[in-house]
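Enquirer: One structure, pasted below without further comment.
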Amino acid sequence: MADDNESNRTIDATIVTERDDDSSAARENVVKHASLFVVGSDRSVTEHPLQSDACLVAIGTDAKESDILIADDDCAKKQLVVMNIGSHWMFLDCGPKDVVWLDGVCRRQLYAPIDYRGVARIGKQHLVFAGTGEVPTGTQEASSKDVILKTEEPGDDARLHVRGLGGHVSTNKWPLLIGSHETCDLTDESLAPFHAFLFWGESGPFIEPIAGAALEIGGNAVTEAHPIDGDARANLGTAGLSISVEGDAQKHAEELYRQGVTYDSFALTALNDSIDDSFFLPGFGRPVTIGRGETCDIVLNDMAVSREHAQIVPAGKTLNLIDNFSANGTYVNGIKVPKARVRAGDVIEIGDNFFLVHYTS
């Protein structure tokens, strides 16, 4: 974390989960871009709206480092960052341990569309995310010169179908939510607000209960992610679902995850009107020098950057950033730092460049 006594600068990303201004005029001008629902062990739900010009929220156990607090032994002080990048949401596991499951899959990163709805699990704690489809007006954008962030749609026609509760929904990529909450794809008042979800895993489709909600497949109780092999009947208390798979499920899953979920390297993606391009860094290795000089490992063509401006030392899930007594300083999340431990979700400013730190495979 950067020292609070250092100089501060304003960057485009802001952290807003609650507003102090209770005036009706202020409330009328607020646009909710998404909601994060924390699901309790009793399946009660607490909503945290993301409402600001640029959305960024951290989830963990420490009030000094996180905006939304959860109590789980596996969770770090700051474990998960959710941020808006243009017309997408980005989910980044920045804790020391890999304990985040995004849409049923243990992975460090997820890049999803602006109207995305899905489930995160940190240890045993479930969270449900629901985007409204509204793009924040002050959002940061990945530089058009070198966009590392991207999503790819599967090329075949395989789909997971769910019928019941008076409806029929299907998906070839993103999860389906089942419960009594209006956010869910299929709803029934007899269910918990967020009862279960279906998703495409690395080996095919699965169904998983949320926070221990009642779920049976073929008469057997299900307490964790359960594979869907062909046609299946799921009982959620008194409610029933018919589940089927269209197409080659294994081939489809392989295509969805062909790039893998082992994000063991870093990408520093240039944001907004940054002068220079995005670049990659290994997860481990020797120090990497950054500056305007031709002898640097990463050369930035920006006159506001010193010849040997800074160095970065990769350290697994973090980067150690050290300013080399540069003329204009180095900033992390708007704070001037002589050195800092940088994690996924942080923004590094060097000269007139803003780089978002995230993972890559």
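Just so we're on the same page: first chain in the structure tokens is A, next is B, and so on; residues restart at 1 for each chain, and ligands are numbered from 1 in the order they show up.
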Taking the backbone alone, and naming residues the way the document does, which bits of region 35-255 of chain A are alpha helix (DSSP H) by DSSP, as a ChimeraX atom specification?
Expert: /A:249-255
Enquirer: Might you pull out every residue within 12 Å of Glu182 (chain A), with only C-alpha atoms counted and same-chain residues fewer than 2 positions away left off, and present them as a list in words?
Expert: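 These residues fall inside the cut-off: Ala130, Leu177, Ile178, Gly179, Ser180, Cys184, Asp185, Leu186, Thr187, Asp188, Glu189, Leu191, Ala192, Pro193 and Phe194 of chain A.
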Enquirer: Name the closest residue to Ala249 (chain A) among the candidates A:Val299, A:Val169, A:Ala158, A:Gly283; distances are taken between atoms, counting only C-alpha atoms.
Expert: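 Of the candidates, the smallest distance to Ala249 (chain A) is held by A:Ala158.
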Enquirer: Taking only C-alpha atoms into account, produce a table as CSV in which each residue of region 37-131 of chain A with an atom at most 10 Å from an atom of region 210-214 of chain A appears once, together with its shortest atom pair and the distance in Å to one decimal, ordered by chain and rising number.
Expert:
residue,atom,partner,partner_atom,distance
A:Val39,CA,A:Ala211,CA,6.9
A:Gly40,CA,A:Ala211,CA,7.0
A:Ser41,CA,A:Ala211,CA,5.7
A:Asp42,CA,A:Ala211,CA,7.4
A:Arg43,CA,A:Ala211,CA,6.0
A:Ser44,CA,A:Ala211,CA,9.4
A:Val119,CA,A:Ile210,CA,8.9
A:Arg121,CA,A:Ile210,CA,9.2
A:Lys124,CA,A:Ala211,CA,7.7
A:Gln125,CA,A:Ala211,CA,7.4
A:His126,CA,A:Ala211,CA,6.5
A:Leu127,CA,A:Ile210,CA,9.1
A:Val128,CA,A:Ile210,CA,9.5
Enquirer: Enumerate as a PyMOL selection string all residues of region 164-353 of chain A assigned to strand (DSSP E or B) by DSSP on the backbone, naming them with the chain letters and numbers the document uses.
Expert: chain A and resi 164+167-171+176-179+186-187+196-201+204-209+216-217+220-221+226-227+232-236+239-246+265-271+279-282+284+288-291+298-299+310-315+318-323+330-332+335-336+339-343+347-350+353
Enquirer: Taking into account only C-alpha atoms, which residue in the set A:Ile68, A:Ala310, A:Ala344, A:Leu241 is nearest to Phe197 (chain A)?
Expert: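 Selected residue with least distance to Phe197 (chain A): A:Leu241.
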Enquirer: Which residue, A:His181, A:Lys173, A:Arg258, A:His161, has the smallest gap to Ala232 (chain A) when you use only C-alpha atoms?
Expert: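 The shortest atom-to-atom distance to Ala232 (chain A) comes from A:His161.
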Enquirer: Pick from A:Ser242, A:Thr132, A:Gln109, A:Thr61: nearest to Val82 (chain A), with only C-alpha atoms counted?
Expert: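 Under the stated criterion, the closest residue is A:Gln109.
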Enquirer: Which residue, A:Leu165, A:Leu356, A:Leu300, A:Cys106, has the smallest gap to Thr262 (chain A) when you use only C-alpha atoms?
Expert: A:Cys106
